[in-house]
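Q: Structure supplied as work.pdb; contents: PDB, C-alpha atoms (C1' of nucleotides).
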```
MODEL        1
ATOM      1  CA  MET A  28      27.487 -22.825 -38.675
ATOM      2  CA  ALA A  29      31.043 -22.262 -39.805
ATOM      3  CA  ASP A  30      33.133 -21.201 -36.842
ATOM      4  CA  ILE A  31      34.524 -17.718 -37.070
ATOM      5  CA  THR A  32      37.628 -16.418 -35.356
ATOM      6  CA  ILE A  33      37.807 -12.949 -33.927
ATOM      7  CA  GLY A  34      40.083 -11.896 -36.773
ATOM      8  CA  GLU A  35      37.580 -13.053 -39.349
ATOM      9  CA  LEU A  36      34.751 -11.380 -37.479
ATOM     10  CA  SER A  37      36.805  -8.225 -37.554
ATOM     11  CA  ARG A  38      37.302  -8.454 -41.313
ATOM     12  CA  ARG A  39      33.658  -9.209 -41.975
ATOM     13  CA  SER A  40      32.284  -6.504 -39.731
ATOM     14  CA  GLY A  41      34.904  -3.868 -40.256
ATOM     15  CA  VAL A  42      35.324  -3.597 -36.511
ATOM     16  CA  ASN A  43      38.808  -3.669 -35.060
ATOM     17  CA  VAL A  44      39.774  -6.800 -33.125
ATOM     18  CA  GLU A  45      40.625  -4.810 -30.014
ATOM     19  CA  THR A  46      37.301  -3.035 -30.282
ATOM     20  CA  ILE A  47      35.409  -6.332 -30.468
ATOM     21  CA  ARG A  48      37.042  -7.468 -27.245
ATOM     22  CA  TYR A  49      36.287  -4.076 -25.776
ATOM     23  CA  PHE A  50      32.623  -4.312 -26.806
ATOM     24  CA  GLU A  51      32.465  -7.671 -25.066
ATOM     25  CA  LYS A  52      34.008  -6.277 -21.919
ATOM     26  CA  VAL A  53      31.549  -3.403 -21.693
ATOM     27  CA  GLY A  54      28.596  -5.610 -22.496
ATOM     28  CA  LEU A  55      27.687  -4.428 -25.987
ATOM     29  CA  ILE A  56      28.032  -7.937 -27.389
ATOM     30  CA  GLU A  57      27.714 -11.252 -25.636
ATOM     31  CA  LYS A  58      30.595 -13.443 -24.529
ATOM     32  CA  PRO A  59      31.162 -16.163 -27.090
ATOM     33  CA  PRO A  60      32.192 -19.713 -26.262
ATOM     34  CA  ARG A  61      35.884 -20.538 -26.376
ATOM     35  CA  THR A  62      38.091 -23.248 -27.789
ATOM     36  CA  GLU A  63      40.063 -25.524 -25.496
ATOM     37  CA  GLY A  64      42.895 -23.060 -25.652
ATOM     38  CA  GLY A  65      40.741 -20.059 -24.864
ATOM     39  CA  HIS A  66      40.197 -18.536 -28.318
ATOM     40  CA  ARG A  67      36.826 -16.953 -28.959
ATOM     41  CA  VAL A  68      34.523 -18.785 -31.371
ATOM     42  CA  TYR A  69      31.818 -16.858 -33.192
ATOM     43  CA  GLY A  70      29.021 -17.699 -35.621
ATOM     44  CA  GLU A  71      26.875 -15.855 -38.136
ATOM     45  CA  ARG A  72      24.537 -14.416 -35.555
ATOM     46  CA  ASN A  73      27.467 -12.684 -33.911
ATOM     47  CA  VAL A  74      28.341 -11.047 -37.208
ATOM     48  CA  ARG A  75      24.839  -9.613 -37.359
ATOM     49  CA  ALA A  76      24.860  -8.547 -33.731
ATOM     50  CA  LEU A  77      28.172  -6.789 -34.109
ATOM     51  CA  GLY A  78      26.949  -5.090 -37.270
ATOM     52  CA  PHE A  79      23.963  -3.821 -35.328
ATOM     53  CA  VAL A  80      26.133  -2.323 -32.625
ATOM     54  CA  LYS A  81      28.505  -0.858 -35.168
ATOM     55  CA  ARG A  82      25.737   0.823 -37.081
ATOM     56  CA  ALA A  83      24.190   2.245 -33.933
ATOM     57  CA  ARG A  84      27.548   3.655 -32.870
ATOM     58  CA  GLU A  85      28.103   5.148 -36.314
ATOM     59  CA  LEU A  86      24.794   6.916 -35.940
ATOM     60  CA  GLY A  87      26.114   8.414 -32.745
ATOM     61  CA  PHE A  88      24.147   6.449 -30.179
ATOM     62  CA  THR A  89      26.083   6.257 -26.919
ATOM     63  CA  GLN A  90      27.069   2.931 -25.467
ATOM     64  CA  ASP A  91      24.382   3.324 -22.835
ATOM     65  CA  GLU A  92      21.758   3.913 -25.492
ATOM     66  CA  VAL A  93      22.927   0.912 -27.461
ATOM     67  CA  ARG A  94      22.795  -1.247 -24.358
ATOM     68  CA  ALA A  95      19.296   0.022 -23.633
ATOM     69  CA  ILE A  96      18.111  -0.719 -27.167
ATOM     70  CA  LEU A  97      19.611  -4.182 -27.033
ATOM     71  CA  LYS A  98      17.899  -4.932 -23.758
ATOM     72  CA  LEU A  99      14.577  -3.803 -25.229
ATOM     73  CA  GLY A 100      15.050  -5.561 -28.528
ATOM     74  CA  GLY A 101      14.963  -8.982 -26.905
ATOM     75  CA  PRO A 102      12.438 -11.757 -27.540
ATOM     76  CA  ASP A 103       9.431  -9.514 -26.934
ATOM     77  CA  THR A 104       9.323  -6.975 -29.713
ATOM     78  CA  ALA A 105       6.450  -4.970 -28.257
ATOM     79  CA  CYS A 106       8.856  -2.442 -26.759
ATOM     80  CA  CYS A 107       8.993  -0.362 -29.929
ATOM     81  CA  ASP A 108       7.779   2.633 -27.926
ATOM     82  CA  GLN A 109      10.859   2.714 -25.774
ATOM     83  CA  VAL A 110      13.224   2.201 -28.674
ATOM     84  CA  ARG A 111      11.493   4.993 -30.496
ATOM     85  CA  GLU A 112      11.853   7.183 -27.444
ATOM     86  CA  ILE A 113      15.598   6.632 -27.361
ATOM     87  CA  ALA A 114      15.849   7.341 -31.064
ATOM     88  CA  VAL A 115      13.782  10.521 -30.745
ATOM     89  CA  HIS A 116      15.929  11.739 -27.897
ATOM     90  CA  HIS A 117      19.049  11.030 -29.904
ATOM     91  CA  LEU A 118      17.575  12.785 -32.899
ATOM     92  CA  GLY A 119      17.147  15.841 -30.711
ATOM     93  CA  GLN A 120      20.798  15.694 -29.740
ATOM     94  CA  VAL A 121      21.842  15.385 -33.356
ATOM     95  CA  ARG A 122      19.733  18.367 -34.345
ATOM     96  CA  GLY A 123      21.226  20.367 -31.513
ATOM     97  CA  LYS A 124      24.719  19.555 -32.655
ATOM     98  CA  ILE A 125      23.892  20.459 -36.227
ATOM     99  CA  ALA A 126      22.553  23.825 -35.078
ATOM    100  CA  ASP A 127      25.705  24.468 -33.032
ATOM    101  CA  LEU A 128      27.957  23.546 -35.905
ATOM    102  CA  ALA A 129      25.942  25.636 -38.338
ATOM    103  CA  ARG A 130      26.447  28.693 -36.134
ATOM    104  CA  ILE A 131      30.149  27.964 -35.999
ATOM    105  CA  GLU A 132      30.284  27.400 -39.721
ATOM    106  CA  ARG A 133      28.674  30.762 -40.448
ATOM    107  CA  LEU A 134      30.967  32.623 -38.099
ATOM    108  CA  LEU A 135      34.090  30.925 -39.402
ATOM    109  CA  SER A 136      33.256  31.244 -43.051
ATOM    110  CA  THR A 137      32.379  34.930 -42.932
ATOM    111  CA  THR A 138      35.480  35.610 -40.891
ATOM    112  CA  VAL A 139      37.759  33.726 -43.217
ATOM    113  CA  GLU A 140      36.180  35.475 -46.163
ATOM    114  CA  ARG A 141      37.050  38.841 -44.695
ATOM    115  CA  CYS A 142      40.607  37.574 -44.482
ATOM    116  CA  SER A 143      40.955  36.855 -48.172
ATOM    117  CA  GLY A 144      39.792  40.358 -49.109
ATOM    118  CA  GLY A 145      42.835  42.308 -50.262
ATOM    119  CA  HIS A 146      42.968  44.735 -47.384
ATOM    120  CA  VAL A 147      44.773  43.374 -44.332
ATOM    121  CA  PRO A 148      43.918  45.574 -41.380
ATOM    122  CA  GLN A 149      44.822  42.927 -38.831
ATOM    123  CA  CYS A 150      43.961  39.272 -38.625
ATOM    124  CA  PRO A 151      40.175  39.016 -38.737
ATOM    125  CA  VAL A 152      40.299  35.528 -37.270
ATOM    126  CA  ILE A 153      42.161  36.745 -34.221
ATOM    127  CA  ASP A 154      39.910  39.766 -33.968
ATOM    128  CA  MET A 155      36.907  37.520 -33.993
ATOM    129  CA  LEU A 156      38.303  35.294 -31.282
ATOM    130  CA  GLU A 157      39.077  38.344 -29.214
ATOM    131  CA  GLU A 158      35.535  39.631 -29.218
ATOM    132  CA  THR A 159      34.584  38.540 -25.782
ATOM    133  CA  VAL A 160      31.047  39.714 -26.301
ATOM    134  CA  ARG A 161      28.679  37.021 -27.238
TER     135      ARG A 161
ATOM    136  CA  MET B  13      45.529  46.375 -11.948
ATOM    137  CA  ALA B  14      43.311  44.816  -9.332
ATOM    138  CA  ASP B  15      44.612  41.392  -8.443
ATOM    139  CA  ILE B  16      42.312  38.574  -9.380
ATOM    140  CA  THR B  17      42.127  35.184  -7.727
ATOM    141  CA  ILE B  18      41.581  32.032  -9.694
ATOM    142  CA  GLY B  19      38.049  31.832  -8.369
ATOM    143  CA  GLU B  20      37.246  35.301  -9.576
ATOM    144  CA  LEU B  21      38.853  34.582 -12.926
ATOM    145  CA  SER B  22      36.635  31.546 -13.143
ATOM    146  CA  ARG B  23      33.515  33.593 -12.418
ATOM    147  CA  ARG B  24      34.448  36.312 -14.886
ATOM    148  CA  SER B  25      35.420  33.985 -17.690
ATOM    149  CA  GLY B  26      32.925  31.257 -17.128
ATOM    150  CA  VAL B  27      35.736  28.734 -17.136
ATOM    151  CA  ASN B  28      35.887  26.157 -14.361
ATOM    152  CA  VAL B  29      38.696  26.603 -11.807
ATOM    153  CA  GLU B  30      40.042  23.121 -12.458
ATOM    154  CA  THR B  31      39.978  23.800 -16.165
ATOM    155  CA  ILE B  32      41.973  27.000 -15.725
ATOM    156  CA  ARG B  33      44.678  25.084 -13.897
ATOM    157  CA  TYR B  34      44.480  22.425 -16.576
ATOM    158  CA  PHE B  35      44.871  25.026 -19.334
ATOM    159  CA  GLU B  36      47.950  26.288 -17.558
ATOM    160  CA  LYS B  37      49.396  22.805 -17.282
ATOM    161  CA  VAL B  38      48.950  22.084 -20.981
ATOM    162  CA  GLY B  39      50.250  25.466 -22.035
ATOM    163  CA  LEU B  40      47.102  27.164 -23.284
ATOM    164  CA  ILE B  41      47.533  30.036 -20.858
ATOM    165  CA  GLU B  42      50.658  31.341 -19.221
ATOM    166  CA  LYS B  43      51.733  30.660 -15.661
ATOM    167  CA  PRO B  44      50.776  33.586 -13.469
ATOM    168  CA  PRO B  45      52.854  34.883 -10.560
ATOM    169  CA  ARG B  46      52.027  33.600  -7.113
ATOM    170  CA  THR B  47      51.482  35.018  -3.659
ATOM    171  CA  GLU B  48      53.875  34.155  -0.836
ATOM    172  CA  GLY B  49      51.686  31.230  -0.006
ATOM    173  CA  GLY B  50      51.518  29.950  -3.570
ATOM    174  CA  HIS B  51      48.111  31.187  -4.734
ATOM    175  CA  ARG B  52      47.879  32.272  -8.359
ATOM    176  CA  VAL B  53      47.490  36.004  -8.999
ATOM    177  CA  TYR B  54      45.913  37.172 -12.247
ATOM    178  CA  GLY B  55      45.199  40.522 -13.885
ATOM    179  CA  GLU B  56      42.891  41.873 -16.575
ATOM    180  CA  ARG B  57      45.027  40.655 -19.443
ATOM    181  CA  ASN B  58      44.636  37.110 -18.169
ATOM    182  CA  VAL B  59      40.873  37.481 -18.281
ATOM    183  CA  ARG B  60      41.114  38.438 -21.953
ATOM    184  CA  ALA B  61      43.592  35.677 -22.754
ATOM    185  CA  LEU B  62      41.421  33.053 -21.111
ATOM    186  CA  GLY B  63      38.383  34.379 -22.952
ATOM    187  CA  PHE B  64      40.269  33.976 -26.200
ATOM    188  CA  VAL B  65      41.108  30.374 -25.468
ATOM    189  CA  LYS B  66      37.578  29.668 -24.294
ATOM    190  CA  ARG B  67      36.042  31.080 -27.435
ATOM    191  CA  ALA B  68      38.411  29.161 -29.674
ATOM    192  CA  ARG B  69      37.586  25.936 -27.838
ATOM    193  CA  GLU B  70      33.868  26.636 -28.100
ATOM    194  CA  LEU B  71      34.314  26.968 -31.825
ATOM    195  CA  GLY B  72      35.821  23.504 -31.804
ATOM    196  CA  PHE B  73      39.475  24.316 -32.381
ATOM    197  CA  THR B  74      41.653  21.605 -30.872
ATOM    198  CA  GLN B  75      44.161  22.427 -28.176
ATOM    199  CA  ASP B  76      46.936  22.050 -30.714
ATOM    200  CA  GLU B  77      45.271  24.524 -33.037
ATOM    201  CA  VAL B  78      44.757  26.985 -30.226
ATOM    202  CA  ARG B  79      48.386  26.683 -29.222
ATOM    203  CA  ALA B  80      49.419  27.224 -32.832
ATOM    204  CA  ILE B  81      47.234  30.318 -33.173
ATOM    205  CA  LEU B  82      48.553  31.710 -29.921
ATOM    206  CA  LYS B  83      52.125  31.188 -31.039
ATOM    207  CA  LEU B  84      51.373  32.990 -34.304
ATOM    208  CA  GLY B  85      49.368  35.775 -32.743
ATOM    209  CA  GLY B  86      52.374  37.141 -30.910
ATOM    210  CA  PRO B  87      53.933  40.588 -31.316
ATOM    211  CA  ASP B  88      54.317  40.287 -35.090
ATOM    212  CA  THR B  89      50.829  40.308 -36.521
ATOM    213  CA  ALA B  90      51.935  39.583 -40.069
ATOM    214  CA  CYS B  91      51.193  35.894 -39.663
ATOM    215  CA  CYS B  92      47.560  36.265 -40.635
ATOM    216  CA  ASP B  93      48.109  33.784 -43.470
ATOM    217  CA  GLN B  94      48.894  30.973 -41.122
ATOM    218  CA  VAL B  95      46.059  31.760 -38.764
ATOM    219  CA  ARG B  96      43.724  31.843 -41.719
ATOM    220  CA  GLU B  97      45.052  28.499 -42.864
ATOM    221  CA  ILE B  98      44.253  26.921 -39.514
ATOM    222  CA  ALA B  99      40.789  28.448 -39.567
ATOM    223  CA  VAL B 100      40.130  27.247 -43.104
ATOM    224  CA  HIS B 101      41.222  23.753 -42.215
ATOM    225  CA  HIS B 102      38.993  23.788 -39.188
ATOM    226  CA  LEU B 103      36.111  25.104 -41.267
ATOM    227  CA  GLY B 104      36.533  22.079 -43.492
ATOM    228  CA  GLN B 105      36.294  19.786 -40.486
ATOM    229  CA  VAL B 106      33.174  21.548 -39.288
ATOM    230  CA  ARG B 107      31.526  21.232 -42.686
ATOM    231  CA  GLY B 108      32.397  17.552 -42.777
ATOM    232  CA  LYS B 109      30.805  16.999 -39.406
ATOM    233  CA  ILE B 110      27.697  18.880 -40.438
ATOM    234  CA  ALA B 111      27.371  16.699 -43.509
ATOM    235  CA  ASP B 112      27.758  13.534 -41.436
ATOM    236  CA  LEU B 113      25.191  14.678 -38.933
ATOM    237  CA  ALA B 114      22.786  15.739 -41.656
ATOM    238  CA  ARG B 115      22.895  12.229 -43.117
ATOM    239  CA  ILE B 116      22.240  10.797 -39.683
ATOM    240  CA  GLU B 117      19.457  13.265 -39.061
ATOM    241  CA  ARG B 118      17.686  12.303 -42.275
ATOM    242  CA  LEU B 119      17.930   8.602 -41.577
ATOM    243  CA  LEU B 120      16.786   8.932 -37.997
ATOM    244  CA  SER B 121      13.924  11.270 -38.674
ATOM    245  CA  THR B 122      12.436   9.224 -41.506
ATOM    246  CA  THR B 123      12.802   6.086 -39.451
ATOM    247  CA  VAL B 124      11.172   7.569 -36.389
ATOM    248  CA  GLU B 125       8.393   8.917 -38.549
ATOM    249  CA  ARG B 126       7.610   5.449 -39.855
ATOM    250  CA  CYS B 127       7.341   4.435 -36.201
ATOM    251  CA  SER B 128       4.621   6.920 -35.396
ATOM    252  CA  GLY B 129       2.501   5.801 -38.323
ATOM    253  CA  GLY B 130      -0.378   3.725 -36.947
ATOM    254  CA  HIS B 131       0.710   0.396 -38.341
ATOM    255  CA  VAL B 132       3.286  -1.404 -36.218
ATOM    256  CA  PRO B 133       4.827  -4.179 -38.258
ATOM    257  CA  GLN B 134       7.928  -4.395 -36.079
ATOM    258  CA  CYS B 135      10.185  -1.747 -34.696
ATOM    259  CA  PRO B 136      11.388   0.336 -37.653
ATOM    260  CA  VAL B 137      14.289   1.665 -35.625
ATOM    261  CA  ILE B 138      15.572  -1.813 -34.946
ATOM    262  CA  ASP B 139      14.918  -2.836 -38.525
ATOM    263  CA  MET B 140      16.941   0.093 -39.718
ATOM    264  CA  LEU B 141      19.825  -0.742 -37.447
ATOM    265  CA  GLU B 142      19.689  -4.322 -38.629
ATOM    266  CA  GLU B 143      20.090  -3.468 -42.287
ATOM    267  CA  THR B 144      23.717  -4.339 -42.636
ATOM    268  CA  VAL B 145      23.767  -3.015 -46.150
ATOM    269  CA  ARG B 146      25.022   0.463 -46.452
TER     270      ARG B 146
ATOM    271  C1'  DA C  30      43.245  33.242  17.733
ATOM    272  C1'  DT C  31      40.368  30.755  15.197
ATOM    273  C1'  DA C  32      37.066  29.444  12.039
ATOM    274  C1'  DC C  33      35.815  28.970   7.413
ATOM    275  C1'  DG C  34      36.160  29.463   2.685
ATOM    276  C1'  DA C  35      39.221  29.443  -1.080
ATOM    277  C1'  DT C  36      43.195  27.622  -3.006
ATOM    278  C1'  DC C  37      47.001  24.301  -3.499
ATOM    279  C1'  DT C  38      48.990  19.649  -5.575
ATOM    280  C1'  DG C  39      48.355  15.283  -7.270
ATOM    281  C1'  DT C  40      45.822  11.515  -8.711
ATOM    282  C1'  DA C  41      41.994   9.106 -10.704
ATOM    283  C1'  DG C  42      37.765   9.022 -13.330
ATOM    284  C1'  DT C  43      35.027   9.971 -17.689
ATOM    285  C1'  DC C  44      33.924   8.218 -22.939
ATOM    286  C1'  DG C  45      35.079   5.302 -26.596
ATOM    287  C1'  DC C  46      38.158   3.359 -28.125
ATOM    288  C1'  DT C  47      43.423   2.196 -29.692
ATOM    289  C1'  DA C  48      47.992   0.420 -28.941
ATOM    290  C1'  DC C  49      51.150  -1.996 -26.955
ATOM    291  C1'  DA C  50      53.830  -5.980 -24.155
ATOM    292  C1'  DG C  51      54.609 -10.478 -23.204
ATOM    293  C1'  DG C  52      52.745 -14.704 -23.579
ATOM    294  C1'  DA C  53      49.849 -18.895 -25.381
ATOM    295  C1'  DT C  54      47.485 -21.297 -29.234
ATOM    296  C1'  DC C  55      46.462 -22.861 -33.805
ATOM    297  C1'  DA C  56      47.115 -24.567 -38.621
ATOM    298  C1'  DA C  57      50.212 -25.761 -42.119
ATOM    299  C1'  DG C  58      54.530 -27.412 -43.930
ATOM    300  C1'  DG C  59      58.564 -30.320 -43.534
TER     301       DG C  59
ATOM    302  C1'  DC D  12      55.955 -35.224 -34.712
ATOM    303  C1'  DC D  13      57.789 -30.763 -34.598
ATOM    304  C1'  DT D  14      58.630 -26.292 -35.823
ATOM    305  C1'  DT D  15      57.362 -22.037 -37.673
ATOM    306  C1'  DG D  16      54.661 -18.015 -38.136
ATOM    307  C1'  DA D  17      50.326 -16.037 -37.883
ATOM    308  C1'  DT D  18      46.826 -15.313 -34.887
ATOM    309  C1'  DC D  19      45.042 -15.061 -30.470
ATOM    310  C1'  DC D  20      45.052 -14.222 -25.293
ATOM    311  C1'  DT D  21      45.137 -10.920 -20.968
ATOM    312  C1'  DG D  22      46.256  -6.836 -18.938
ATOM    313  C1'  DT D  23      47.685  -2.278 -18.849
ATOM    314  C1'  DA D  24      48.463   2.334 -20.539
ATOM    315  C1'  DG D  25      47.494   6.056 -23.672
ATOM    316  C1'  DC D  26      44.549   9.530 -26.341
ATOM    317  C1'  DG D  27      41.737  14.278 -25.941
ATOM    318  C1'  DA D  28      39.769  17.426 -23.075
ATOM    319  C1'  DC D  29      38.464  17.893 -19.316
ATOM    320  C1'  DT D  30      36.117  16.875 -14.337
ATOM    321  C1'  DA D  31      36.186  15.371  -9.657
ATOM    322  C1'  DC D  32      37.912  14.248  -5.810
ATOM    323  C1'  DA D  33      41.332  13.926  -1.317
ATOM    324  C1'  DG D  34      44.044  15.902   1.860
ATOM    325  C1'  DA D  35      46.766  19.766   2.868
ATOM    326  C1'  DT D  36      47.639  24.783   3.114
ATOM    327  C1'  DC D  37      46.484  29.740   2.730
ATOM    328  C1'  DG D  38      43.978  34.120   3.544
ATOM    329  C1'  DT D  39      40.874  36.833   5.811
ATOM    330  C1'  DA D  40      37.107  38.298   8.764
ATOM    331  C1'  DT D  41      35.680  38.228  13.260
TER     332       DT D  41
ENDMDL
END
```
Would you write out, as structure tokens, the structure that this file holds?

A:
Amino acid sequence: MADITIGELSRRSGVNVETIRYFEKVGLIEKPPRTEGGHRVYGERNVRALGFVKRARELGFTQDEVRAILKLGGPDTACCDQVREIAVHHLGQVRGKIADLARIERLLSTTVERCSGGHVPQCPVIDMLEETVR
Amino acid sequence: MADITIGELSRRSGVNVETIRYFEKVGLIEKPPRTEGGHRVYGERNVRALGFVKRARELGFTQDEVRAILKLGGPDTACCDQVREIAVHHLGQVRGKIADLARIERLLSTTVERCSGGHVPQCPVIDMLEETVR
DNA sequence: ATACGATCTGTAGTCGCTACAGGATCAAGG
DNA sequence: CCTTGATCCTGTAGCGACTACAGATCGTAT
């Protein structure tokens, strides 16, 4: 039960100190007890909890989604359905973004390729951007 | 040279009225002349210019990049090199994002799949998020 | 002339943080 | 015990790229 300061929590979790305080403010992590002087005091469980939130954010879950998952992931673990639902929805979003980016990637790469070809009629990139048709 | 109001420009370009004014404020499009009463008056060339900016933004170019391209794409068209450079850099960013999302997609989809399997040990999604190892 | 829609400016909100400023607190050394 | 220096506190403002008002004015059709 070694007490952990916010700075140490930051080092251990890889989450910025300001971000930890921010996560507390917006309800992504719980409010820890304080010292006499008002400094936050954490323990091991907080390291895990923060890691959880961090990982979820890295995977692109919104703060709302993370909050929802946390609420579901309480004492009763029977709510797997709802967690799964959130994850499936998010997976859909991710796939959508990948598709969008893939389209962009194709367009950009073929355009840039035309650029490097010796002949320089005009700027193919600018031409491409000018094609208002879509 | 039919005069175009900001509302009509919005309809034709598919860009929100507020966003058009915002683009003007941040220097992505030029300031149009005004009527006596102060209403903005556009022409066809503004429709094309706005379309250009819109398309570039849809492709994920930042405002700074768009401004840079616009500056380069002036009267002298010999600056194709620099435009290409911006596009290549941006292409790199796009590919990076795709790679990140692909990793996320794989992790999410395999996790969710384990969920749907009949056996329900715990919530695989939560388990996955709890694995602090990476 | 007047009503009504469109436009004007300016400010504030969104999301997810990050970066201060100006203090207070804590732990270690003298 | 007292000072130093690192860490911590709160609160506010900034980022990018818009979006959404509020409250006023303009333009035009009847």

Q: Using all atoms listed in the file, find which residues of chain A lie within 12 Å of chain D and jot them down as a list of chain:residue names.

A: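 Interface list for chain A against chain D: A:Thr32, A:Ile33, A:Gly34, A:Glu35, A:Val44, A:Glu45, A:Arg48, A:Arg61, A:Thr62, A:Gly64, A:Gly65, A:His66, A:Arg67, A:Val68.
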
Q: Selection from above, C-alpha atoms, as a PDB file, in the frame of the given file, can you write it?

A:
```
ATOM      1  CA  THR A  32      37.628 -16.418 -35.356  1.00  0.00           C
ATOM      2  CA  ILE A  33      37.807 -12.949 -33.927  1.00  0.00           C
ATOM      3  CA  GLY A  34      40.083 -11.896 -36.773  1.00  0.00           C
ATOM      4  CA  GLU A  35      37.580 -13.053 -39.349  1.00  0.00           C
ATOM      5  CA  VAL A  44      39.774  -6.800 -33.125  1.00  0.00           C
ATOM      6  CA  GLU A  45      40.625  -4.810 -30.014  1.00  0.00           C
ATOM      7  CA  ARG A  48      37.042  -7.468 -27.245  1.00  0.00           C
ATOM      8  CA  ARG A  61      35.884 -20.538 -26.376  1.00  0.00           C
ATOM      9  CA  THR A  62      38.091 -23.248 -27.789  1.00  0.00           C
ATOM     10  CA  GLY A  64      42.895 -23.060 -25.652  1.00  0.00           C
ATOM     11  CA  GLY A  65      40.741 -20.059 -24.864  1.00  0.00           C
ATOM     12  CA  HIS A  66      40.197 -18.536 -28.318  1.00  0.00           C
ATOM     13  CA  ARG A  67      36.826 -16.953 -28.959  1.00  0.00           C
ATOM     14  CA  VAL A  68      34.523 -18.785 -31.371  1.00  0.00           C
TER      15      VAL A  68
END
```

Q: Tell me, in Å to one decimal, how far CA of Phe79 (chain A) is from CA of Glu143 (chain B).

A: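 So the two atoms, CA of Phe79 (chain A) and CA of Glu143 (chain B), lie 8.0 Å apart.
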
Q: Taking 6 positions as the minimum chain separation for residues in the same chain, which residues sit within 12 Å of Gly108 (chain B) when counting only C-alpha atoms (C1' of nucleotides)? Answer as a PDB file with C-alpha atoms, in the frame of the given file.

A:
```
ATOM      1  CA  ILE A 125      23.892  20.459 -36.227  1.00  0.00           C
ATOM      2  CA  LEU A 128      27.957  23.546 -35.905  1.00  0.00           C
ATOM      3  CA  ALA A 129      25.942  25.636 -38.338  1.00  0.00           C
ATOM      4  CA  GLU A 132      30.284  27.400 -39.721  1.00  0.00           C
TER       5      GLU A 132
ATOM      6  CA  HIS B 101      41.222  23.753 -42.215  1.00  0.00           C
ATOM      7  CA  HIS B 102      38.993  23.788 -39.188  1.00  0.00           C
ATOM      8  CA  ALA B 114      22.786  15.739 -41.656  1.00  0.00           C
ATOM      9  CA  ARG B 115      22.895  12.229 -43.117  1.00  0.00           C
TER      10      ARG B 115
END
```

Q: Give one line per residue of chain C that approaches chain B to at most 9 Å, naming the two atoms of the closest pair and their distance in Å to one decimal, counting only C-alpha atoms (C1' of nucleotides); sort by chain then ascending residue number and deliver it as JSON lines.

A:
```
{"residue": "C:DA35", "atom": "C1'", "partner": "B:Gly19", "partner_atom": "CA", "distance": 7.8}
{"residue": "C:DT36", "atom": "C1'", "partner": "B:His51", "partner_atom": "CA", "distance": 6.3}
{"residue": "C:DC37", "atom": "C1'", "partner": "B:His51", "partner_atom": "CA", "distance": 7.1}
```

Q: Got a sec to resolve the PyMOL selection byres ((chain B) within 8 of (chain A)) on this structure and send the residues as a ChimeraX atom specification?

A: /B:60,63-64,67-68,71,85,89-90,92,95-96,99-100,103,106-107,109-110,113-114,116-117,120-121,124,127,134-135,137-138,141-144

Q: For the atom pair CA of Phe50 (chain A) and CA of Gly70 (chain A), what is the interatomic distance in Å to one decimal place?

A: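 Pair CA of Phe50 (chain A) / CA of Gly70 (chain A) returns 16.4 Å.
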
Q: Provide the C1' of DT43 (chain C) to CA of Val42 (chain A) distance in Å, to one decimal place.

A: 23.2 Å

Q: Tell me which of A:Lys98, A:Lys58, A:Leu36, A:Thr46 sits closest to DA48 (chain C), counting only C-alpha atoms (C1' of nucleotides).

A: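 Of all the options, A:Thr46 lies closest to DA48 (chain C).
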
Q: Residues proximal to (48.4, 33.6, -14.7) were defined as those with any atom within 6 Å of that point in the file's coordinates, counting all atoms listed in the file. Which are they, as a CSV table (one decimal) with C-alpha atoms, in the frame of the given file?

A:
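The resulting point15.csv:
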```csv
chain,number,residue,atom,x,y,z
B,42,GLU,CA,50.7,31.3,-19.2
B,43,LYS,CA,51.7,30.7,-15.7
B,44,PRO,CA,50.8,33.6,-13.5
B,54,TYR,CA,45.9,37.2,-12.2
```

Q: Please report, as lines of an AutoDock Vina configuration file, the centre and edge lengths in Å to one decimal of an axis-aligned box covering all listed atoms of region 128-139 of chain A with 5 Å per side.

A:
```
center_x = 31.9
center_y = 29.6
center_z = -39.6
size_x = 21.8
size_y = 22.1
size_z = 17.3
```

Q: Taking N, CA and C atoms as the atom set, what does region 13-20 of chain B look like once completed, written as a JSON list (two decimals), keeping the file's coordinate frame?

A:
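This went into result06.json:
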```
[["chain", "number", "residue", "atom", "x", "y", "z"],
["B", 13, "MET", "N", 44.77, 47.63, -12.02],
["B", 13, "MET", "CA", 45.53, 46.38, -11.95],
["B", 13, "MET", "C", 45.09, 45.55, -10.73],
["B", 14, "ALA", "N", 43.81, 45.56, -10.48],
["B", 14, "ALA", "CA", 43.31, 44.82, -9.33],
["B", 14, "ALA", "C", 43.71, 43.34, -9.47],
["B", 15, "ASP", "N", 44.24, 42.80, -8.42],
["B", 15, "ASP", "CA", 44.61, 41.39, -8.44],
["B", 15, "ASP", "C", 43.36, 40.52, -8.45],
["B", 16, "ILE", "N", 43.46, 39.45, -9.19],
["B", 16, "ILE", "CA", 42.31, 38.57, -9.38],
["B", 16, "ILE", "C", 42.70, 37.16, -8.94],
["B", 17, "THR", "N", 41.87, 36.57, -8.14],
["B", 17, "THR", "CA", 42.13, 35.18, -7.73],
["B", 17, "THR", "C", 41.62, 34.24, -8.81],
["B", 18, "ILE", "N", 41.99, 33.00, -8.68],
["B", 18, "ILE", "CA", 41.58, 32.03, -9.69],
["B", 18, "ILE", "C", 40.06, 31.85, -9.67],
["B", 19, "GLY", "N", 39.49, 31.97, -8.49],
["B", 19, "GLY", "CA", 38.05, 31.83, -8.37],
["B", 19, "GLY", "C", 37.32, 32.95, -9.08],
["B", 20, "GLU", "N", 37.85, 34.15, -8.93],
["B", 20, "GLU", "CA", 37.25, 35.30, -9.58],
["B", 20, "GLU", "C", 37.43, 35.21, -11.09]]
```
